[in-house]
$ cat target.txt   # compact mmCIF, C-alpha atoms
# COMPACT_ATOMS: atom_id res chain seq x y z
CA MET A 237 -96.13 7.44 117.43
CA ALA A 238 -93.58 9.03 115.08
CA HIS A 239 -91.79 6.88 112.52
CA ASP A 240 -88.43 7.62 110.99
CA PHE A 241 -89.19 7.02 107.30
CA GLU A 242 -86.91 8.05 104.43
CA PRO A 243 -88.08 11.11 102.46
CA LEU A 244 -90.24 10.47 99.41
CA ALA A 245 -88.38 10.44 96.08
CA ASN A 246 -91.56 10.24 93.98
CA ASP A 247 -94.59 12.19 95.21
CA LEU A 248 -96.25 12.46 91.78
CA ILE A 249 -99.49 10.76 92.84
CA LEU A 250 -99.81 12.93 95.96
CA ARG A 251 -99.36 16.12 93.94
CA THR A 252 -101.89 14.88 91.37
CA ALA A 253 -104.41 13.99 94.09
CA ARG A 254 -104.08 17.53 95.46
CA GLY A 255 -105.11 18.89 92.06
CA GLU A 256 -101.69 20.23 91.06
CA ASP A 257 -100.30 20.47 87.53
CA VAL A 258 -97.88 17.57 87.00
CA GLU A 259 -95.28 16.43 84.48
CA ARG A 260 -97.17 13.21 83.56
CA ALA A 261 -100.01 11.04 84.85
CA PRO A 262 -99.12 8.87 87.85
CA VAL A 263 -100.10 5.21 87.57
CA TRP A 264 -100.74 2.29 89.88
CA ILE A 265 -102.90 -0.80 89.45
CA MET A 266 -105.59 -2.22 91.69
CA ARG A 267 -104.48 -5.70 92.85
CA GLN A 268 -100.98 -4.98 91.49
CA ALA A 269 -99.64 -7.32 94.20
CA GLY A 270 -101.25 -10.66 93.52
CA ARG A 271 -101.64 -13.97 91.85
CA TYR A 272 -100.85 -12.94 88.26
CA LEU A 273 -97.20 -12.63 89.41
CA PRO A 274 -95.17 -15.88 89.55
CA GLU A 275 -93.17 -14.50 92.50
CA TYR A 276 -96.42 -14.06 94.47
CA HIS A 277 -96.95 -17.84 94.51
CA GLN A 278 -93.33 -18.45 95.53
CA ALA A 279 -93.53 -16.03 98.48
CA LYS A 280 -97.01 -17.22 99.52
CA GLY A 281 -95.96 -20.88 99.51
CA ASN A 282 -98.63 -23.10 101.07
CA ARG A 283 -99.87 -20.42 103.46
CA ASP A 284 -103.55 -19.60 103.62
CA PHE A 285 -104.43 -16.21 102.05
CA PHE A 286 -105.44 -14.62 105.35
CA GLU A 287 -102.29 -16.00 106.98
CA CYS A 288 -100.32 -13.94 104.42
CA CYS A 289 -102.37 -10.86 105.38
CA ARG A 290 -101.74 -11.51 109.07
CA THR A 291 -97.97 -12.03 108.69
CA PRO A 292 -96.41 -8.55 108.31
CA GLU A 293 -93.19 -9.85 106.74
CA ILE A 294 -95.10 -11.78 104.04
CA ALA A 295 -97.66 -8.99 103.43
CA SER A 296 -94.80 -6.54 103.07
CA THR A 297 -92.87 -8.79 100.65
CA LEU A 298 -95.99 -9.23 98.48
CA THR A 299 -96.68 -5.46 98.51
CA LEU A 300 -93.18 -4.74 97.20
CA GLN A 301 -93.11 -7.38 94.43
CA PRO A 302 -94.72 -5.21 91.71
CA ILE A 303 -92.64 -2.19 92.78
CA GLU A 304 -89.50 -4.22 92.24
CA ARG A 305 -90.62 -6.00 89.07
CA PHE A 306 -91.90 -2.81 87.40
CA ALA A 307 -89.18 -0.53 88.81
CA GLY A 308 -89.74 3.10 87.79
CA LEU A 309 -93.12 2.35 86.18
CA LEU A 310 -95.45 2.40 89.21
CA ASP A 311 -96.03 5.59 91.19
CA ALA A 312 -97.63 4.01 94.27
CA SER A 313 -97.74 0.79 96.23
CA ILE A 314 -100.85 -0.53 97.99
CA ILE A 315 -100.59 -2.64 101.11
CA PHE A 316 -101.26 -6.35 100.58
CA SER A 317 -104.37 -7.05 102.65
CA ASP A 318 -108.09 -7.71 102.12
CA ILE A 319 -111.29 -5.74 102.64
CA LEU A 320 -112.73 -8.60 104.73
CA VAL A 321 -110.40 -8.09 107.68
CA ILE A 322 -113.08 -5.70 109.06
CA PRO A 323 -115.84 -8.37 109.31
CA GLN A 324 -113.22 -10.63 110.92
CA ALA A 325 -112.45 -7.90 113.48
CA MET A 326 -116.21 -7.63 114.10
CA GLY A 327 -116.25 -11.27 115.18
CA MET A 328 -117.31 -13.04 111.99
CA VAL A 329 -115.47 -16.06 110.59
CA VAL A 330 -114.17 -15.55 107.04
CA GLU A 331 -112.24 -18.20 105.13
CA MET A 332 -110.57 -17.94 101.72
CA VAL A 333 -111.57 -21.02 99.75
CA ASP A 334 -109.18 -21.95 96.95
CA LYS A 335 -110.61 -21.25 93.46
CA LYS A 336 -113.87 -20.04 95.04
CA GLY A 337 -112.98 -16.92 97.02
CA PRO A 338 -114.09 -15.65 100.41
CA HIS A 339 -116.60 -17.69 102.40
CA PHE A 340 -118.51 -16.84 105.61
CA PRO A 341 -119.64 -20.18 107.11
CA ASP A 342 -122.23 -18.32 109.21
CA PRO A 343 -123.49 -15.17 107.44
CA LEU A 344 -126.01 -12.76 109.00
CA LYS A 345 -129.41 -14.20 108.07
CA SER A 346 -131.81 -11.72 109.68
CA PRO A 347 -131.90 -9.20 112.54
CA ASP A 348 -133.27 -12.00 114.75
CA ASP A 349 -130.57 -14.60 114.09
CA GLY A 350 -128.67 -13.83 117.32
CA GLN A 351 -125.42 -13.06 115.54
CA TYR A 352 -126.69 -9.69 114.25
CA SER A 353 -127.03 -8.15 117.70
CA LYS A 354 -123.66 -9.62 118.76
CA VAL A 355 -121.91 -8.08 115.75
CA LEU A 356 -123.80 -4.78 116.08
CA ASN A 357 -123.06 -4.41 119.78
CA LYS A 358 -119.49 -5.74 119.85
CA ASP A 359 -117.02 -3.15 121.10
CA VAL A 360 -114.38 -3.67 118.41
CA ASP A 361 -110.81 -2.85 119.46
CA VAL A 362 -109.73 -1.73 116.00
CA ALA A 363 -106.15 -1.08 117.13
CA ALA A 364 -105.65 -4.55 118.62
CA GLU A 365 -107.74 -6.65 116.20
CA LEU A 366 -106.05 -5.26 113.09
CA ASP A 367 -102.61 -4.62 114.52
CA TYR A 368 -101.03 -6.93 111.93
CA VAL A 369 -102.12 -4.55 109.14
CA TYR A 370 -100.47 -1.55 110.82
CA LYS A 371 -97.29 -3.55 111.42
CA ALA A 372 -97.23 -4.54 107.73
CA ILE A 373 -97.70 -0.89 106.69
CA THR A 374 -94.87 0.37 108.89
CA LEU A 375 -92.54 -2.41 107.73
CA THR A 376 -93.42 -1.75 104.08
CA ARG A 377 -92.82 1.99 104.41
CA LYS A 378 -89.36 1.22 105.79
CA LYS A 379 -88.59 -1.24 102.98
CA LEU A 380 -89.87 1.17 100.32
CA ARG A 381 -87.17 3.64 101.38
CA GLY A 382 -89.17 6.52 99.90
CA ARG A 383 -89.38 5.06 96.38
CA VAL A 384 -93.16 5.62 96.05
CA PRO A 385 -96.03 6.42 98.44
CA LEU A 386 -97.94 3.62 100.17
CA ILE A 387 -101.73 3.42 99.89
CA GLY A 388 -103.89 1.98 102.69
CA PHE A 389 -107.47 0.90 102.10
CA CYS A 390 -110.72 -0.53 103.37
CA GLY A 391 -113.90 -1.94 101.90
CA ALA A 392 -116.86 0.43 101.78
CA PRO A 393 -119.67 -0.22 104.28
CA TRP A 394 -122.16 -1.36 101.62
CA THR A 395 -119.74 -3.84 100.04
CA LEU A 396 -118.72 -5.26 103.45
CA PHE A 397 -122.39 -5.51 104.43
CA CYS A 398 -123.10 -7.53 101.27
CA TYR A 399 -120.37 -10.04 102.09
CA MET A 400 -121.57 -10.31 105.69
CA VAL A 401 -125.13 -11.21 104.67
CA GLU A 402 -124.46 -13.14 101.44
CA GLY A 403 -121.69 -15.28 102.92
CA GLY A 404 -119.39 -14.72 99.93
CA GLY A 405 -119.39 -13.59 96.32
CA THR A 406 -122.75 -13.69 94.52
CA LYS A 407 -124.35 -12.83 91.19
CA LEU A 408 -127.91 -12.38 92.50
CA PHE A 409 -127.50 -10.46 95.80
CA ILE A 410 -130.67 -12.10 97.14
CA GLU A 411 -129.75 -11.72 100.82
CA SER A 412 -128.51 -8.13 100.44
CA LYS A 413 -131.78 -7.16 98.74
CA LYS A 414 -133.81 -8.96 101.40
CA TRP A 415 -132.09 -6.92 104.09
CA ILE A 416 -132.52 -3.52 102.45
CA TYR A 417 -136.15 -4.11 101.45
CA ARG A 418 -137.30 -6.04 104.55
CA TYR A 419 -135.05 -4.72 107.33
CA PRO A 420 -133.89 -1.28 106.14
CA GLU A 421 -133.41 0.24 109.61
CA GLU A 422 -131.40 -2.74 110.88
CA ALA A 423 -129.31 -2.64 107.69
CA LYS A 424 -128.61 1.07 108.24
CA ALA A 425 -127.59 0.46 111.87
CA LEU A 426 -125.03 -2.12 110.73
CA LEU A 427 -123.78 0.12 107.90
CA GLN A 428 -123.22 2.94 110.41
CA LYS A 429 -121.30 0.60 112.73
CA ILE A 430 -119.08 -0.51 109.82
CA SER A 431 -118.53 3.15 108.80
CA GLU A 432 -117.25 4.06 112.26
CA ILE A 433 -114.85 1.10 112.24
CA CYS A 434 -113.64 2.11 108.73
CA VAL A 435 -112.78 5.61 109.96
CA GLU A 436 -110.75 4.32 112.88
CA TYR A 437 -109.10 1.60 110.78
CA LEU A 438 -108.02 4.05 108.06
CA ALA A 439 -106.76 6.58 110.64
CA LEU A 440 -104.61 3.88 112.26
CA GLN A 441 -103.27 2.91 108.82
CA VAL A 442 -102.21 6.54 108.29
CA GLN A 443 -100.61 6.58 111.73
CA ALA A 444 -98.68 3.43 110.75
CA GLY A 445 -97.40 5.06 107.55
CA ALA A 446 -100.08 5.00 104.82
CA GLN A 447 -99.81 8.18 102.70
CA MET A 448 -103.13 7.88 100.83
CA ILE A 449 -106.24 5.78 101.40
CA GLN A 450 -108.81 4.18 99.11
CA VAL A 451 -112.36 3.06 99.95
CA PHE A 452 -113.44 0.17 97.69
CA ASP A 453 -117.19 0.01 97.06
CA SER A 454 -116.89 -2.95 94.71
CA TRP A 455 -120.60 -3.76 94.77
CA ALA A 456 -122.01 -0.23 94.59
CA GLY A 457 -123.41 -1.08 91.15
CA GLU A 458 -125.84 -3.61 92.66
CA LEU A 459 -127.88 -0.72 94.06
CA SER A 460 -130.37 1.37 92.10
CA PRO A 461 -129.86 5.15 91.99
CA SER A 462 -132.44 5.58 94.77
CA THR A 463 -131.10 2.80 97.03
CA PHE A 464 -127.49 3.94 96.46
CA LYS A 465 -128.51 7.27 98.03
CA ILE A 466 -129.80 5.41 101.11
CA PHE A 467 -127.47 2.43 101.62
CA SER A 468 -124.09 3.48 100.19
CA GLU A 469 -123.66 7.21 99.67
CA PRO A 470 -124.33 8.39 103.27
CA TYR A 471 -121.72 5.97 104.61
CA LEU A 472 -119.10 6.92 102.01
CA ALA A 473 -119.79 10.55 102.96
CA TYR A 474 -119.42 9.69 106.66
CA ILE A 475 -115.92 8.29 106.06
CA ALA A 476 -114.87 11.31 103.96
CA GLU A 477 -116.11 13.72 106.64
CA HIS A 478 -114.88 11.91 109.76
CA LEU A 479 -111.50 10.54 108.69
CA PRO A 480 -109.85 14.00 108.42
CA LYS A 481 -111.37 14.91 111.83
CA LYS A 482 -110.03 11.69 113.36
CA LEU A 483 -106.56 12.32 111.91
CA ALA A 484 -106.60 15.87 113.31
CA GLU A 485 -107.54 14.49 116.76
CA MET A 486 -104.56 12.13 116.53
CA GLY A 487 -102.23 14.98 115.54
CA LEU A 488 -101.83 13.62 112.00
CA GLU A 489 -102.05 15.46 108.69
CA ARG A 490 -104.92 14.79 106.30
CA VAL A 491 -104.02 12.41 103.47
CA PRO A 492 -105.56 12.23 99.98
CA MET A 493 -108.68 10.05 99.90
CA ILE A 494 -109.88 7.94 96.96
CA VAL A 495 -113.36 6.46 96.63
CA PHE A 496 -114.16 3.74 94.08
CA PRO A 497 -117.90 3.03 93.74
CA LYS A 498 -117.69 0.40 91.00
CA GLY A 499 -120.71 0.25 88.72
CA ALA A 500 -122.35 3.37 90.16
CA ASN A 501 -121.65 5.68 87.24
CA TYR A 502 -125.27 6.85 87.47
CA ALA A 503 -124.24 8.56 90.74
CA LEU A 504 -120.99 10.12 89.51
CA ASP A 505 -122.25 13.69 89.85
CA SER A 506 -123.16 13.28 93.53
CA VAL A 507 -120.08 11.10 94.28
CA CYS A 508 -117.96 14.08 93.16
CA ASN A 509 -119.50 16.02 96.08
CA LEU A 510 -118.82 13.47 98.83
CA GLY A 511 -115.56 15.04 100.00
CA TYR A 512 -113.00 12.67 98.43
CA ASP A 513 -110.02 14.02 96.49
CA VAL A 514 -110.04 11.25 93.90
CA VAL A 515 -112.95 9.32 92.38
CA GLY A 516 -112.18 5.94 90.84
CA LEU A 517 -114.02 5.06 87.62
CA ASP A 518 -114.73 1.62 86.19
CA TRP A 519 -114.40 0.90 82.46
CA GLN A 520 -118.11 1.35 81.73
CA ILE A 521 -117.96 5.12 81.52
CA ASP A 522 -116.30 7.14 78.79
CA PRO A 523 -113.52 9.35 80.25
CA ALA A 524 -114.72 12.41 78.29
CA GLU A 525 -118.26 11.91 79.63
CA ALA A 526 -116.91 11.69 83.19
CA VAL A 527 -114.91 14.89 82.65
CA LYS A 528 -118.07 16.61 81.42
CA ILE A 529 -120.00 15.52 84.55
CA ARG A 530 -117.15 16.71 86.80
CA GLY A 531 -117.26 20.20 85.32
CA ASN A 532 -114.96 22.63 87.15
CA ARG A 533 -114.89 20.76 90.47
CA ARG A 534 -111.44 20.03 91.89
CA ILE A 535 -111.93 16.27 91.67
CA VAL A 536 -109.23 13.99 90.29
CA PHE A 537 -110.33 10.87 88.40
CA GLN A 538 -108.68 7.46 88.63
CA GLY A 539 -108.96 4.60 86.13
CA ASN A 540 -110.31 3.33 83.93
CA ALA A 541 -109.23 0.85 81.23
CA ASP A 542 -111.08 -2.44 80.92
CA PRO A 543 -108.81 -4.91 82.80
CA GLY A 544 -109.54 -7.39 79.99
CA VAL A 545 -107.49 -5.32 77.53
CA LEU A 546 -104.40 -6.88 79.13
CA TYR A 547 -105.38 -10.18 77.46
CA GLY A 548 -105.30 -8.38 74.12
CA SER A 549 -102.68 -7.41 71.57
CA ARG A 550 -100.11 -4.67 72.10
CA GLU A 551 -101.96 -2.61 69.48
CA ALA A 552 -105.20 -2.91 71.48
CA ILE A 553 -103.39 -1.89 74.68
CA SER A 554 -101.84 1.15 72.96
CA GLU A 555 -105.17 2.20 71.48
CA THR A 556 -106.91 1.89 74.85
CA VAL A 557 -104.26 3.99 76.58
CA LYS A 558 -104.37 6.60 73.81
CA ASP A 559 -108.17 6.94 74.10
CA MET A 560 -107.91 7.18 77.88
CA VAL A 561 -105.17 9.85 77.78
CA GLU A 562 -107.21 11.93 75.33
CA GLY A 563 -110.45 11.46 77.26
CA PHE A 564 -108.90 12.52 80.57
CA GLY A 565 -107.25 15.57 79.01
CA GLY A 566 -103.63 14.55 78.42
CA GLY A 567 -102.42 13.46 81.85
CA LYS A 568 -100.91 16.70 83.14
CA LYS A 569 -103.66 17.32 85.70
CA GLY A 570 -106.67 15.67 87.30
CA TRP A 571 -106.01 12.02 86.44
CA VAL A 572 -104.40 9.01 88.13
CA ALA A 573 -104.03 6.21 85.58
CA ASN A 574 -105.20 2.75 86.64
CA LEU A 575 -107.51 0.02 85.38
CA GLY A 576 -111.27 0.15 85.79
CA HIS A 577 -111.06 -2.64 88.38
CA GLY A 578 -108.39 -4.97 89.77
CA ILE A 579 -106.01 -6.82 87.49
CA THR A 580 -107.36 -10.28 86.70
CA PRO A 581 -105.61 -13.67 87.00
CA LEU A 582 -103.60 -15.13 84.09
CA VAL A 583 -102.51 -11.71 82.80
CA ASN A 584 -98.96 -11.89 81.49
CA PRO A 585 -96.91 -9.46 83.65
CA ASP A 586 -95.08 -8.33 80.49
CA ASP A 587 -98.38 -7.09 79.06
CA LEU A 588 -99.01 -5.07 82.22
CA LYS A 589 -95.48 -3.69 81.88
CA PHE A 590 -96.27 -2.57 78.34
CA TYR A 591 -99.50 -0.90 79.57
CA LEU A 592 -97.52 1.02 82.21
CA GLU A 593 -94.85 2.02 79.66
CA GLU A 594 -97.52 3.31 77.27
CA ILE A 595 -99.11 5.46 79.97
CA LYS A 596 -95.72 6.94 80.79
CA ARG A 597 -94.86 7.49 77.11
CA LEU A 598 -98.17 9.06 76.11
CA THR A 599 -98.55 11.34 79.12
CA SER A 600 -94.92 12.55 79.25
CA ARG A 601 -95.17 14.31 75.87

$ encode --input "target.txt" --output "structure tokens"
Amino acid sequence: MAHDFEPLANDLILRTARGEDVERAPVWIMRQAGRYLPEYHQAKGNRDFFECCRTPEIASTLTLQPIERFAGLLDASIIFSDILVIPQAMGMVVEMVDKKGPHFPDPLKSPDDGQYSKVLNKDVDVAAELDYVYKAITLTRKKLRGRVPLIGFCGAPWTLFCYMVEGGGTKLFIESKKWIYRYPEEAKALLQKISEICVEYLALQVQAGAQMIQVFDSWAGELSPSTFKIFSEPYLAYIAEHLPKKLAEMGLERVPMIVFPKGANYALDSVCNLGYDVVGLDWQIDPAEAVKIRGNRRIVFQGNADPGVLYGSREAISETVKDMVEGFGGGKKGWVANLGHGITPLVNPDDLKFYLEEIKRLTSR
């Protein structure tokens, strides 16, 4: 399925992800399309969050809002969607509860609860179930008119698994821990199933027009170093190994792949060997320390300012950017600027604009 997209005017992030020398550090922001923007609320109206994800025209409009507001300051767009569309495709009900977040009315309680075997054995038609995402990607690529590349994404198997057994966000991860310590083999079977769906889902996003992909392991930090090696790392590695193969089977070129295992800085050395081009870092690791761990491997880092700095003064923002630029080696190679996690609500968009301007100023020198 060939698309007739306009040529790319800004491929800075793609060149950086390939390890090339560049003129400055590219920058984009996790959750750059979202509720901190006044125009997001206008476009969303009274629609449910998942209704916005499932309506290509709305998802596309929301994706483009930061590109238009911060014209010339962002080097990538990321499709407006949610990591939990995969559990939905697997047959689970997920609702977005206002001011509370995602909620699974009927989470997976144990391997014997009846739903587990249904979810595990369901033959998921990834093309049909998530068709609205691919339509939104294709529409967005057309509307971007080559201004910047478009990133597709999915949640990592471990993070999706946590949501599916916890029933929503949690501070204690009681159910997730029960599963890995009581039912490890059943947990691994489900993680493998999710991994296979992720590969197909990401490949279909690339076919629809995504030019890079990111795998978000938002809850990687809830695992210990030893359990990370069992319940997260093998499944991240599976995606990195099998996505390029799947793309080749479909007659598509490999795209740069980003992995973001938030909170798992203890595993940074081994994460650099998983097969991804770019490794996202949270704000709890010093850039210079990360660079030391990377050594001479051709891995590009992404991140990693504390998102909370955007509530601070302009001086604090400048200082944070300066430290980051120095720590990552100046911005001419091996670094995609971002935050260390998604932008948080109530940030003033003008403060984000200043952050983006400072990255451009300090890495263009």

$ atom_distance --input "target.txt" --atom1 "atom CA of A:Lys358" --atom2 "atom CA of A:Met326"
6.9 Å

$ atom_distance --input "target.txt" --atom1 "atom CA of A:Leu592" --atom2 "atom CA of A:Ile314"
16.2 Å

$ closest_atom_pairs --input "target.txt" --of "stretch 504-523 of chain A" --to "stretch 563-577 of chain A" --cutoff "10 Å" --atoms "only C-alpha atoms" --output "tab-separated table"
residue	atom	partner	partner_atom	distance
A:Asp513	CA	A:Gly570	CA	9.9
A:Val514	CA	A:Val572	CA	8.4
A:Val515	CA	A:Trp571	CA	9.5
A:Gly516	CA	A:Gly576	CA	7.7
A:Leu517	CA	A:Gly576	CA	5.9
A:Asp518	CA	A:Gly576	CA	3.8
A:Trp519	CA	A:Gly576	CA	4.6
A:Gln520	CA	A:Gly576	CA	8.0
A:Ile521	CA	A:Gly576	CA	9.4
A:Asp522	CA	A:Gly563	CA	7.4
A:Pro523	CA	A:Gly563	CA	4.8

$ atom_distance --input "target.txt" --atom1 "atom CA of A:Ser296" --atom2 "atom CA of A:Thr374"
9.0 Å

$ residues_around --input "target.txt" --residues "stretch 457-474 of chain A" --least-positions-apart "5" --cutoff "7 Å" --atoms "only C-alpha atoms" --output "list in words"
Ala392, Pro393, Trp394, Lys424, Gln428, Ser431, Lys498, Gly499, Ala500, Tyr502, Ala503, Leu510 and Gly511 of chain A

$ axis_aligned_box --input "target.txt" --around "stretch 576-586 of chain A" --padding-each-side "3 Å" --output "JSON"
{"center_x": -103.2, "center_y": -7.5, "center_z": 85.1, "size_x": 22.2, "size_y": 21.3, "size_z": 15.3}

$ residues_around --input "target.txt" --residues "A:Ile430" --least-positions-apart "4" --cutoff "12 Å" --atoms "all atoms listed in the file" --output "number ranges by chain"
A: 319-326, 355-360, 362, 390-398, 400, 423-426, 434-437, 468, 471-472, 474-475
